[in-house]
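entry-v9.cif (mmCIF, C-alpha atoms)
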```cif
data_structure
#
loop_
_atom_site.label_atom_id
_atom_site.label_comp_id
_atom_site.auth_asym_id
_atom_site.auth_seq_id
_atom_site.Cartn_x
_atom_site.Cartn_y
_atom_site.Cartn_z
CA MET J 862 82.18 39.73 20.03
CA LYS J 863 82.83 39.40 23.77
CA TYR J 864 86.46 40.53 23.38
CA PHE J 865 85.31 43.45 21.23
CA LEU J 866 82.77 44.53 23.85
CA PHE J 867 85.14 44.43 26.79
CA SER J 868 88.02 46.13 24.98
CA PHE J 869 85.74 48.90 23.83
CA LEU J 870 84.25 49.35 27.30
CA ALA J 871 87.76 49.62 28.72
CA LEU J 872 88.63 52.27 26.15
CA VAL J 873 85.60 54.40 26.94
CA THR J 874 86.01 53.95 30.69
CA SER J 875 89.55 55.37 30.53
CA SER J 876 88.44 58.18 28.24
CA LEU J 877 85.71 59.30 30.61
CA ASN J 878 87.80 58.91 33.75
CA LEU J 879 90.34 61.36 32.42
CA ALA J 880 87.66 64.01 32.22
CA ALA J 881 85.35 62.90 35.00
CA GLN J 882 84.99 66.35 36.54
CA GLU J 883 84.40 68.38 33.40
CA ILE J 884 83.56 66.67 30.11
CA ASP J 885 83.60 68.34 26.72
CA GLU J 886 80.59 66.42 25.41
CA ALA J 887 80.97 67.43 21.77
CA ALA J 888 84.66 66.48 21.73
CA LEU J 889 83.93 63.19 23.48
CA LYS J 890 81.32 62.27 20.87
CA VAL J 891 83.78 63.02 18.06
CA LYS J 892 86.46 60.96 19.79
CA LEU J 893 84.15 57.97 20.29
CA LYS J 894 82.99 58.08 16.69
CA ALA J 895 86.58 58.18 15.49
CA LYS J 896 87.47 55.18 17.66
CA ILE J 897 84.53 53.19 16.29
CA ASP J 898 85.43 54.07 12.71
CA ALA J 899 89.05 53.06 13.31
CA ILE J 900 88.00 49.71 14.78
CA PHE J 901 85.64 49.00 11.89
CA VAL J 902 88.34 49.49 9.26
CA ASP J 903 89.56 45.97 10.02
CA SER J 904 86.73 44.52 12.12
CA LEU J 905 84.59 41.64 10.90
CA GLU J 906 81.70 42.92 13.01
CA VAL J 907 78.78 44.04 10.88
CA GLY J 908 77.57 47.06 12.80
CA ILE J 909 77.35 48.65 16.23
CA THR J 910 75.54 51.36 18.11
CA PHE J 911 77.06 52.76 21.27
CA GLY J 912 74.94 54.71 23.76
CA TYR J 913 76.26 56.42 26.88
CA SER J 914 74.81 58.42 29.74
CA LEU J 915 77.34 60.71 31.41
CA PRO J 916 77.65 61.55 35.12
CA ASN J 917 75.54 64.69 34.59
CA GLY J 918 72.79 62.62 32.94
CA SER J 919 73.45 63.82 29.41
CA THR J 920 72.87 60.92 27.03
CA ALA J 921 74.09 60.40 23.45
CA ALA J 922 74.89 57.66 20.96
CA VAL J 923 77.24 57.01 18.07
CA ALA J 924 77.32 54.21 15.49
CA GLY J 925 79.53 52.42 13.00
CA GLY J 926 79.44 49.68 10.41
CA TRP J 927 76.43 48.37 8.54
CA ALA J 928 72.75 48.19 9.46
CA ASN J 929 72.23 46.10 6.33
CA LYS J 930 75.37 45.27 4.42
CA HIS J 931 73.52 43.85 1.42
CA ASN J 932 71.47 47.04 0.96
CA ASN J 933 74.49 49.30 1.74
CA GLU J 934 72.64 50.82 4.70
CA ARG J 935 74.94 52.34 7.32
CA MET J 936 74.23 51.94 11.02
CA ASN J 937 73.03 55.14 12.65
CA PRO J 938 72.82 56.10 16.34
CA CYS J 939 69.02 55.67 16.41
CA SER J 940 69.04 52.19 14.85
CA ARG J 941 66.95 49.66 16.78
CA MET J 942 67.58 46.00 17.47
CA LEU J 943 66.17 43.13 19.47
CA GLY J 944 67.29 43.73 23.04
CA GLY J 945 67.09 40.11 24.15
CA SER J 946 67.32 39.60 27.90
CA THR J 947 67.94 43.30 28.60
CA GLY J 948 64.15 43.48 28.67
CA LYS J 949 64.42 41.94 32.13
CA VAL J 950 65.83 45.27 33.37
CA PHE J 951 62.44 46.84 32.61
CA TYR J 952 60.47 44.05 34.29
CA SER J 953 62.71 44.16 37.36
CA VAL J 954 61.90 47.86 37.71
CA VAL J 955 58.17 47.13 37.55
CA ALA J 956 58.56 44.40 40.19
CA MET J 957 60.54 46.67 42.53
CA GLN J 958 57.93 49.41 42.16
CA LEU J 959 55.26 46.87 43.16
CA VAL J 960 57.39 45.88 46.16
CA GLU J 961 57.60 49.56 47.06
CA GLU J 962 53.80 49.80 46.83
CA GLY J 963 53.23 46.68 48.92
CA GLN J 964 51.67 44.73 46.04
CA LEU J 965 54.54 42.22 45.95
CA GLU J 966 56.65 40.72 48.73
CA LEU J 967 60.10 39.49 47.79
CA ASP J 968 60.00 36.51 50.14
CA ALA J 969 56.38 35.58 49.51
CA LYS J 970 55.82 32.15 47.98
CA ILE J 971 54.71 32.43 44.38
CA SER J 972 51.87 30.07 45.27
CA THR J 973 50.35 33.16 46.96
CA TYR J 974 49.76 34.60 43.51
CA LEU J 975 49.54 31.63 41.14
CA GLY J 976 48.78 28.65 43.38
CA LYS J 977 45.23 28.22 42.07
CA LYS J 978 46.30 27.85 38.45
CA GLU J 979 45.63 24.31 37.23
CA TRP J 980 49.18 24.00 35.89
CA PHE J 981 50.95 25.42 38.94
CA GLU J 982 52.06 22.15 40.56
CA ARG J 983 53.73 21.06 37.31
CA ILE J 984 56.39 23.79 37.65
CA PRO J 985 59.67 22.46 39.12
CA ASN J 986 60.04 23.45 42.81
CA ALA J 987 56.62 25.12 42.59
CA GLU J 988 55.74 25.03 46.29
CA THR J 989 59.03 26.45 47.58
CA LEU J 990 59.63 29.27 45.09
CA THR J 991 59.61 32.95 46.10
CA ILE J 992 59.59 36.21 44.14
CA ARG J 993 63.21 36.71 45.19
CA ASN J 994 64.14 33.30 43.73
CA LEU J 995 62.61 34.28 40.39
CA MET J 996 64.38 37.63 40.19
CA ARG J 997 67.71 36.21 41.35
CA HIS J 998 67.57 33.12 39.08
CA SER J 999 67.83 30.79 42.05
CA THR J 1000 64.72 28.71 41.26
CA GLY J 1001 66.30 25.64 39.71
CA ILE J 1002 63.78 25.87 36.82
CA PRO J 1003 65.26 24.96 33.41
CA ARG J 1004 65.12 27.37 30.46
CA TYR J 1005 62.14 26.59 28.26
CA VAL J 1006 63.96 28.03 25.23
CA PHE J 1007 66.58 25.28 25.49
CA SER J 1008 63.98 22.55 25.12
CA GLU J 1009 64.60 20.66 21.86
CA LYS J 1010 60.87 20.47 21.26
CA PHE J 1011 60.47 24.23 21.70
CA GLN J 1012 63.30 24.96 19.27
CA ILE J 1013 61.48 22.88 16.66
CA ASP J 1014 58.05 24.31 17.45
CA VAL J 1015 59.06 28.00 17.38
CA LEU J 1016 60.26 27.67 13.79
CA ALA J 1017 57.42 25.42 12.61
CA ASP J 1018 54.79 28.19 12.51
CA ILE J 1019 56.19 31.71 12.19
CA ASP J 1020 52.74 33.26 12.74
CA LYS J 1021 51.91 31.33 15.90
CA VAL J 1022 50.83 33.56 18.81
CA TRP J 1023 52.10 31.90 21.95
CA LYS J 1024 50.05 31.62 25.13
CA LEU J 1025 52.04 31.99 28.33
CA GLU J 1026 51.01 28.57 29.59
CA GLU J 1027 52.35 27.08 26.36
CA LEU J 1028 55.78 28.54 27.08
CA LEU J 1029 55.75 27.08 30.58
CA SER J 1030 54.59 23.69 29.28
CA TYR J 1031 58.10 22.97 27.99
CA VAL J 1032 59.33 22.62 31.60
CA TYR J 1033 56.27 20.90 33.08
CA GLY J 1034 57.39 17.94 35.13
CA ASP J 1035 61.11 18.56 34.60
CA GLU J 1036 63.47 17.66 37.40
CA PRO J 1037 64.64 20.88 39.11
CA LEU J 1038 68.30 21.70 38.65
CA PHE J 1039 68.63 22.25 42.43
CA GLU J 1040 66.51 23.14 45.46
CA ALA J 1041 65.10 26.65 45.32
CA GLY J 1042 67.46 29.24 46.77
CA THR J 1043 70.52 26.99 46.93
CA ASP J 1044 72.27 27.80 43.64
CA PHE J 1045 72.17 29.93 40.48
CA SER J 1046 71.07 29.08 36.96
CA TYR J 1047 69.99 31.80 34.57
CA SER J 1048 66.56 31.00 33.11
CA ASP J 1049 64.11 33.02 31.01
CA THR J 1050 61.38 30.86 32.52
CA ASN J 1051 61.83 32.69 35.81
CA TYR J 1052 60.79 35.99 34.27
CA ILE J 1053 57.86 34.45 32.40
CA ILE J 1054 56.52 33.41 35.82
CA LEU J 1055 57.47 36.72 37.50
CA CYS J 1056 55.63 38.74 34.87
CA MET J 1057 52.60 36.47 35.01
CA ILE J 1058 52.50 37.44 38.69
CA ILE J 1059 52.85 41.12 37.76
CA GLU J 1060 49.82 40.81 35.48
CA GLU J 1061 47.94 38.93 38.20
CA VAL J 1062 48.45 41.58 40.90
CA THR J 1063 48.00 44.64 38.68
CA GLY J 1064 45.21 43.31 36.50
CA ASN J 1065 47.00 44.87 33.52
CA ASP J 1066 48.91 43.72 30.47
CA LEU J 1067 52.65 43.58 31.18
CA TYR J 1068 53.53 45.96 28.36
CA LYS J 1069 51.03 48.53 29.64
CA GLU J 1070 52.71 48.39 33.02
CA VAL J 1071 56.12 48.84 31.37
CA ASP J 1072 54.83 51.81 29.38
CA SER J 1073 53.44 53.66 32.39
CA ARG J 1074 55.99 52.63 35.01
CA VAL J 1075 59.23 52.61 32.98
CA LEU J 1076 59.02 54.25 29.55
CA LYS J 1077 57.07 57.31 30.61
CA LYS J 1078 58.90 57.69 33.93
CA ALA J 1079 62.33 57.46 32.27
CA GLY J 1080 61.35 59.42 29.15
CA LEU J 1081 62.24 56.61 26.75
CA LYS J 1082 61.04 57.14 23.17
CA ASN J 1083 62.51 54.24 21.20
CA VAL J 1084 61.17 51.12 22.93
CA SER J 1085 58.48 48.88 21.40
CA PRO J 1086 56.80 45.72 22.72
CA GLN J 1087 58.04 42.75 20.75
CA THR J 1088 54.60 41.58 19.62
CA LYS J 1089 54.94 41.38 15.85
CA SER J 1090 57.46 40.51 13.15
CA LYS J 1091 58.41 43.87 11.62
CA TYR J 1092 59.47 47.17 13.22
CA LYS J 1093 60.41 50.60 11.96
CA GLY J 1094 64.13 51.26 12.29
CA MET J 1095 65.10 47.67 13.15
CA VAL J 1096 68.35 46.62 11.50
CA GLN J 1097 69.21 43.29 9.95
CA GLY J 1098 70.64 40.72 12.35
CA TYR J 1099 73.36 38.37 11.17
CA ASN J 1100 73.88 34.91 12.58
CA GLY J 1101 76.42 32.27 11.58
CA ASP J 1102 75.36 30.00 8.72
CA ASP J 1103 76.40 27.00 10.81
CA ASP J 1104 74.38 28.04 13.89
CA PRO J 1105 72.47 24.91 15.06
CA PHE J 1106 69.37 26.83 16.19
CA PHE J 1107 68.89 29.74 13.81
CA PRO J 1108 71.39 30.01 10.95
CA GLY J 1109 71.53 32.98 8.59
CA ASN J 1110 69.89 36.40 8.65
CA ALA J 1111 67.30 37.33 11.26
CA LEU J 1112 65.08 39.21 8.79
CA ASP J 1113 63.85 38.32 5.32
CA ASN J 1114 64.32 40.64 2.32
CA LYS J 1115 61.19 42.58 3.33
CA GLY J 1116 62.51 43.30 6.83
CA ARG J 1117 60.23 40.76 8.50
CA SER J 1118 61.45 38.35 11.16
CA ARG J 1119 61.68 34.74 10.11
CA TYR J 1120 59.72 33.71 13.22
CA ASN J 1121 57.17 35.34 15.51
CA LEU J 1122 59.14 37.47 17.97
CA GLN J 1123 56.18 37.50 20.36
CA PHE J 1124 57.27 34.21 21.93
CA GLU J 1125 60.07 35.83 23.97
CA TRP J 1126 57.69 37.99 26.07
CA ALA J 1127 59.15 38.53 29.56
CA GLY J 1128 62.34 36.65 28.72
CA GLY J 1129 63.25 39.88 26.90
CA GLY J 1130 60.54 40.94 24.51
CA LEU J 1131 61.52 44.52 23.59
CA VAL J 1132 62.81 46.28 20.47
CA ILE J 1133 65.11 49.06 21.62
CA ASN J 1134 68.18 51.15 20.84
CA SER J 1135 71.38 51.70 22.81
CA TYR J 1136 70.54 55.35 23.62
CA ASP J 1137 67.44 54.43 25.63
CA LEU J 1138 69.05 51.47 27.35
CA ALA J 1139 72.09 53.49 28.45
CA LYS J 1140 69.76 56.19 29.77
CA LEU J 1141 67.65 53.68 31.69
CA GLY J 1142 70.69 51.93 33.18
CA LYS J 1143 71.92 55.10 34.83
CA LEU J 1144 68.47 55.90 36.23
CA VAL J 1145 67.87 52.39 37.58
CA TYR J 1146 71.24 51.87 39.25
CA GLU J 1147 71.20 55.31 40.84
CA GLY J 1148 67.86 54.60 42.50
CA LYS J 1149 65.68 56.90 40.40
CA MET J 1150 63.20 54.33 39.09
CA PHE J 1151 61.99 52.96 42.42
CA ALA J 1152 62.50 53.86 46.09
CA PRO J 1153 66.28 54.26 46.64
CA GLU J 1154 66.01 52.52 49.99
CA LEU J 1155 65.27 49.32 48.05
CA LEU J 1156 68.66 49.40 46.31
CA ASP J 1157 70.24 47.35 49.10
CA GLU J 1158 67.74 44.57 48.36
CA PHE J 1159 68.18 45.03 44.61
CA PHE J 1160 71.97 44.70 44.80
CA ASP J 1161 71.93 41.87 47.35
CA GLY J 1162 73.55 39.33 45.04
CA ARG J 1163 74.56 35.70 45.08
CA ASN J 1164 77.32 33.91 43.18
CA ALA J 1165 76.47 33.93 39.46
CA GLY J 1166 78.45 30.80 38.68
CA ARG J 1167 80.13 30.63 35.29
CA LEU J 1168 78.78 34.10 34.41
CA GLY J 1169 81.10 35.57 37.03
CA GLY J 1170 80.33 38.07 39.76
CA GLU J 1171 76.97 38.04 41.51
CA TRP J 1172 73.32 38.25 40.50
CA GLY J 1173 70.95 40.54 42.36
CA LEU J 1174 67.26 41.10 41.69
CA GLY J 1175 67.59 41.36 37.93
CA VAL J 1176 71.07 42.87 37.87
CA HIS J 1177 74.48 41.37 37.12
CA ILE J 1178 77.08 42.71 39.56
CA LYS J 1179 80.79 42.47 38.77
CA GLU J 1180 83.99 43.81 40.24
CA THR J 1181 86.31 45.14 37.52
CA PRO J 1182 89.58 47.10 37.41
CA ALA J 1183 87.37 50.20 37.08
CA GLY J 1184 85.35 49.29 40.19
CA PHE J 1185 81.94 47.70 40.57
CA THR J 1186 79.63 47.52 37.59
CA PHE J 1187 75.92 46.81 37.37
CA GLY J 1188 74.18 45.75 34.20
CA HIS J 1189 72.58 43.18 31.97
CA SER J 1190 73.31 41.61 28.61
CA GLY J 1191 70.98 40.23 25.99
CA PHE J 1192 71.02 37.96 22.96
CA MET J 1193 68.63 37.12 20.16
CA PRO J 1194 69.81 35.39 16.97
CA GLY J 1195 71.66 38.06 15.01
CA TYR J 1196 71.76 40.62 17.84
CA SER J 1197 73.91 41.08 20.95
CA THR J 1198 73.48 43.75 23.62
CA ASN J 1199 75.49 44.70 26.70
CA MET J 1200 74.51 47.50 29.09
CA VAL J 1201 76.87 48.40 31.96
CA TYR J 1202 76.81 51.08 34.68
CA TYR J 1203 80.11 52.06 36.33
CA LYS J 1204 79.35 52.77 39.97
CA ASP J 1205 82.38 54.90 40.88
CA GLN J 1206 82.36 56.97 37.67
CA LYS J 1207 78.51 57.29 37.64
CA PHE J 1208 78.05 56.69 33.93
CA SER J 1209 76.45 53.96 31.86
CA VAL J 1210 77.19 52.56 28.43
CA CYS J 1211 75.26 50.30 26.08
CA ILE J 1212 76.66 48.45 23.08
#
```
If you took the structure in this file and wrote it as structure tokens, what would it be?
Amino acid sequence: MKYFLFSFLALVTSSLNLAAQEIDEAALKVKLKAKIDAIFVDSLEVGITFGYSLPNGSTAAVAGGWANKHNNERMNPCSRMLGGSTGKVFYSVVAMQLVEEGQLELDAKISTYLGKKEWFERIPNAETLTIRNLMRHSTGIPRYVFSEKFQIDVLADIDKVWKLEELLSYVYGDEPLFEAGTDFSYSDTNYIILCMIIEEVTGNDLYKEVDSRVLKKAGLKNVSPQTKSKYKGMVQGYNGDDDPFFPGNALDNKGRSRYNLQFEWAGGGLVINSYDLAKLGKLVYEGKMFAPELLDEFFDGRNAGRLGGEWGLGVHIKETPAGFTFGHSGFMPGYSTNMVYYKDQKFSVCI
């Protein structure tokens, strides 16, 4: 899948560069669709949607392959999937808006906001953590989803509604991976804590804040909070039968998830399509979703270790042959997402 993503991104990058000044949008859409169809003649990939937002802001999507191969349902450009960690793009926007408003301070200790919680001291590195550490994944807090006990528990009761403290409990008392601010380790737990702080300072449900601050502001129509097990327009996800965590299909024969998707919350927690995510990427990375003067802080990255490039405040920054890119990827069993903005060409893509 990774090779497929990068080769396709390279193809589209070159296609758009050739016509960067004046793009025939209808012809481009036909060309992209033809390329996808040609790839899927021999590809083992099940299905794909490809969204793109051009330099002028015009956004479109094309699709190929199967949404559900057993029901002979073709993928269409509006098909929705689990966005996985790309949900963190939305929560980063909310956090930066709160920084802009003076409700959050990037270098404030998180104890300022959560220090009175009875469980607070059980979080690794609790007393030294800052908002910036959370957003940059430099906390040293392990990923709760990698806990063996959690992986058993999440499948044991598919109707369980998870409390946020229960998610955090899987890292209570763990040894930190490193001192806060000294290294990088990607962890969903960081965004669980960040978004608990967002709810604390706003007094609102996280998803309500996302709706008013991100979806309405960006004009996104295809995003749903991941709070139940079945969604209109969500395609089947396919996972390897030998996968140690979640083998087989993501959905049962009635289109219902085989576990409660609510658990992911701020680790991702959104059902979305590639059209909306491509549109949002362009808006975010061009400084149209929060004060543009905060972009320097947002893009102030640190070495992202084995992931390559740098990690800013919720953004993966990489230098490529086509110039710098900003973006985020996401994974849930059966679904894979990659959203990338090309700085020099001023367009975004989402696969």
Q) Which one is closest to J:Asn1110: J:Pro1182, J:Ala887, J:Glu961, J:Gly1195? Count all atoms listed in the file. A)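 For J:Asn1110, the nearest of the given residues is J:Gly1195.
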Q: Would you translate the PyMOL selection byres ((chain J and resi 934-941) around 7) into the concrete set of residues it matches in this file, as a ChimeraX atom specification?
A: /J:908-910,922-930,932-933,942,1094-1096,1132-1134
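Going from atom CA of J:Glu988 over to atom CA of J:Asp1014, you cover 28.9 Å.
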Q) When distances are computed from only C-alpha atoms, which of J:Arg997, J:Arg1119, J:Lys978, J:Lys970 shows the smallest separation from J:Ile1178? A) J:Arg997
Here's the selection I'm unsure about, the PyMOL selection byres ((chain J and resi 1020) around 8); applied to the file above, which residues does it give, as a tab-separated table (two decimals) with C-alpha atoms, keeping the file's coordinate frame?
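New file part_13.tsv:
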```
chain	number	residue	atom	x	y	z
J	1018	ASP	CA	54.79	28.19	12.51
J	1019	ILE	CA	56.19	31.71	12.19
J	1021	LYS	CA	51.91	31.33	15.90
J	1022	VAL	CA	50.83	33.56	18.81
J	1120	TYR	CA	59.72	33.71	13.22
J	1121	ASN	CA	57.17	35.34	15.51
```
Q | J:Tyr1146, J:Trp1172, J:Tyr1052, J:Tyr1136 ranked by distance to J:Thr1198, top pick (using all atoms listed in the file) | A | J:Tyr1136
Q: Can you work out which one of J:Leu1038, J:Val907, J:Leu1016, J:Leu959 has the shortest atom-to-atom distance to J:His998, counting all atoms listed in the file?
A: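 Checking each candidate against J:His998, we get J:Leu1038 as the closest.
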**Q.** Pick from J:Arg1167, J:Lys896, J:Lys1143, J:Arg1004, whichever lies nearest to J:Tyr1203 using all atoms listed in the file
**A.**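 Among the listed residues, J:Lys1143 lies closest to J:Tyr1203.
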**Q.** Picked residues, the PyMOL selection byres ((chain J and resi 1137) around 9), expected as number ranges by chain
**A.** J: 912, 920, 1079-1084, 1133-1136, 1138-1142, 1211
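Using all atoms listed in the file, the smallest distance between any of J:Gly948, J:Pro916, J:Gly1129, J:Gly1162 and J:Gly1042 comes from J:Gly1162.
Taking atom CA of J:Asn994 and atom CA of J:Glu1027 as the two end points, the separation is 21.9 Å.
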(Q) List as a VMD selection string the protein and nucleic acid residues near J:Val1201, meaning an atom at most 6 Å away when all atoms listed in the file are counted, but skip any in the same chain fewer than 3 places from it. (A) chain J and resid 1187 to 1188 1209 to 1210
Polymer residues at most 9 Å from J:Val955, all atoms listed in the file, same-chain spacing of 2 or more positions, as a JSON list (two decimals) with C-alpha atoms, in the frame of the given file:
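Below is the file that was written, selection_37.json:
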```
[["chain", "number", "residue", "atom", "x", "y", "z"],
["J", 950, "VAL", "CA", 65.83, 45.27, 33.37],
["J", 951, "PHE", "CA", 62.44, 46.84, 32.61],
["J", 952, "TYR", "CA", 60.47, 44.05, 34.29],
["J", 953, "SER", "CA", 62.71, 44.16, 37.36],
["J", 957, "MET", "CA", 60.54, 46.67, 42.53],
["J", 958, "GLN", "CA", 57.93, 49.41, 42.16],
["J", 959, "LEU", "CA", 55.26, 46.87, 43.16],
["J", 960, "VAL", "CA", 57.39, 45.88, 46.16],
["J", 1059, "ILE", "CA", 52.85, 41.12, 37.76],
["J", 1070, "GLU", "CA", 52.71, 48.39, 33.02],
["J", 1071, "VAL", "CA", 56.12, 48.84, 31.37],
["J", 1074, "ARG", "CA", 55.99, 52.63, 35.01],
["J", 1075, "VAL", "CA", 59.23, 52.61, 32.98],
["J", 1150, "MET", "CA", 63.20, 54.33, 39.09],
["J", 1151, "PHE", "CA", 61.99, 52.96, 42.42]]
```
Stretch 910-934 of chain J rebuilt with N, CA and C atoms, output as a compact mmCIF listing (two decimals), in the frame of the given file:
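Written out: part.txt:
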```txt
# COMPACT_ATOMS: atom_id res chain seq x y z
N THR J 910 75.91 50.07 17.55
CA THR J 910 75.54 51.36 18.11
C THR J 910 76.07 51.42 19.53
N PHE J 911 76.46 52.59 19.95
CA PHE J 911 77.06 52.76 21.27
C PHE J 911 76.40 53.95 21.96
N GLY J 912 75.59 53.67 22.98
CA GLY J 912 74.94 54.71 23.76
C GLY J 912 75.67 54.92 25.07
N TYR J 913 75.63 56.15 25.58
CA TYR J 913 76.26 56.42 26.88
C TYR J 913 75.52 57.54 27.58
N SER J 914 75.44 57.40 28.90
CA SER J 914 74.81 58.42 29.74
C SER J 914 75.85 58.89 30.75
N LEU J 915 76.22 60.16 30.65
CA LEU J 915 77.34 60.71 31.41
C LEU J 915 76.96 60.99 32.86
N PRO J 916 77.95 61.28 33.71
CA PRO J 916 77.65 61.55 35.12
C PRO J 916 76.60 62.63 35.34
N ASN J 917 76.54 63.62 34.44
CA ASN J 917 75.54 64.69 34.59
C ASN J 917 74.17 64.32 34.01
N GLY J 918 74.05 63.09 33.49
CA GLY J 918 72.79 62.62 32.94
C GLY J 918 72.62 62.85 31.45
N SER J 919 73.51 63.60 30.85
CA SER J 919 73.45 63.82 29.41
C SER J 919 73.69 62.49 28.69
N THR J 920 72.83 62.21 27.72
CA THR J 920 72.87 60.92 27.03
C THR J 920 73.05 61.14 25.53
N ALA J 921 73.86 60.30 24.89
CA ALA J 921 74.09 60.40 23.45
C ALA J 921 74.42 59.02 22.91
N ALA J 922 74.54 58.93 21.59
CA ALA J 922 74.89 57.66 20.96
C ALA J 922 75.65 57.93 19.67
N VAL J 923 76.52 56.99 19.33
CA VAL J 923 77.24 57.01 18.07
C VAL J 923 77.10 55.61 17.44
N ALA J 924 77.50 55.49 16.17
CA ALA J 924 77.32 54.21 15.49
C ALA J 924 78.40 54.00 14.46
N GLY J 925 78.57 52.76 14.04
CA GLY J 925 79.53 52.42 13.00
C GLY J 925 79.15 51.13 12.30
N GLY J 926 79.72 50.91 11.14
CA GLY J 926 79.44 49.68 10.41
C GLY J 926 78.12 49.71 9.67
N TRP J 927 77.60 48.52 9.39
CA TRP J 927 76.43 48.37 8.54
C TRP J 927 75.18 47.98 9.32
N ALA J 928 74.06 48.63 8.99
CA ALA J 928 72.75 48.19 9.46
C ALA J 928 72.24 47.05 8.58
N ASN J 929 72.56 47.16 7.28
CA ASN J 929 72.23 46.10 6.33
C ASN J 929 73.30 46.13 5.24
N LYS J 930 74.22 45.21 5.32
CA LYS J 930 75.37 45.27 4.42
C LYS J 930 74.99 44.97 2.97
N HIS J 931 73.92 44.19 2.78
CA HIS J 931 73.52 43.85 1.42
C HIS J 931 72.81 45.02 0.72
N ASN J 932 72.15 45.87 1.52
CA ASN J 932 71.47 47.04 0.96
C ASN J 932 72.32 48.31 1.08
N ASN J 933 73.58 48.16 1.54
CA ASN J 933 74.49 49.30 1.74
C ASN J 933 73.90 50.35 2.67
N GLU J 934 73.21 49.90 3.71
CA GLU J 934 72.64 50.82 4.70
C GLU J 934 73.58 50.92 5.90
```
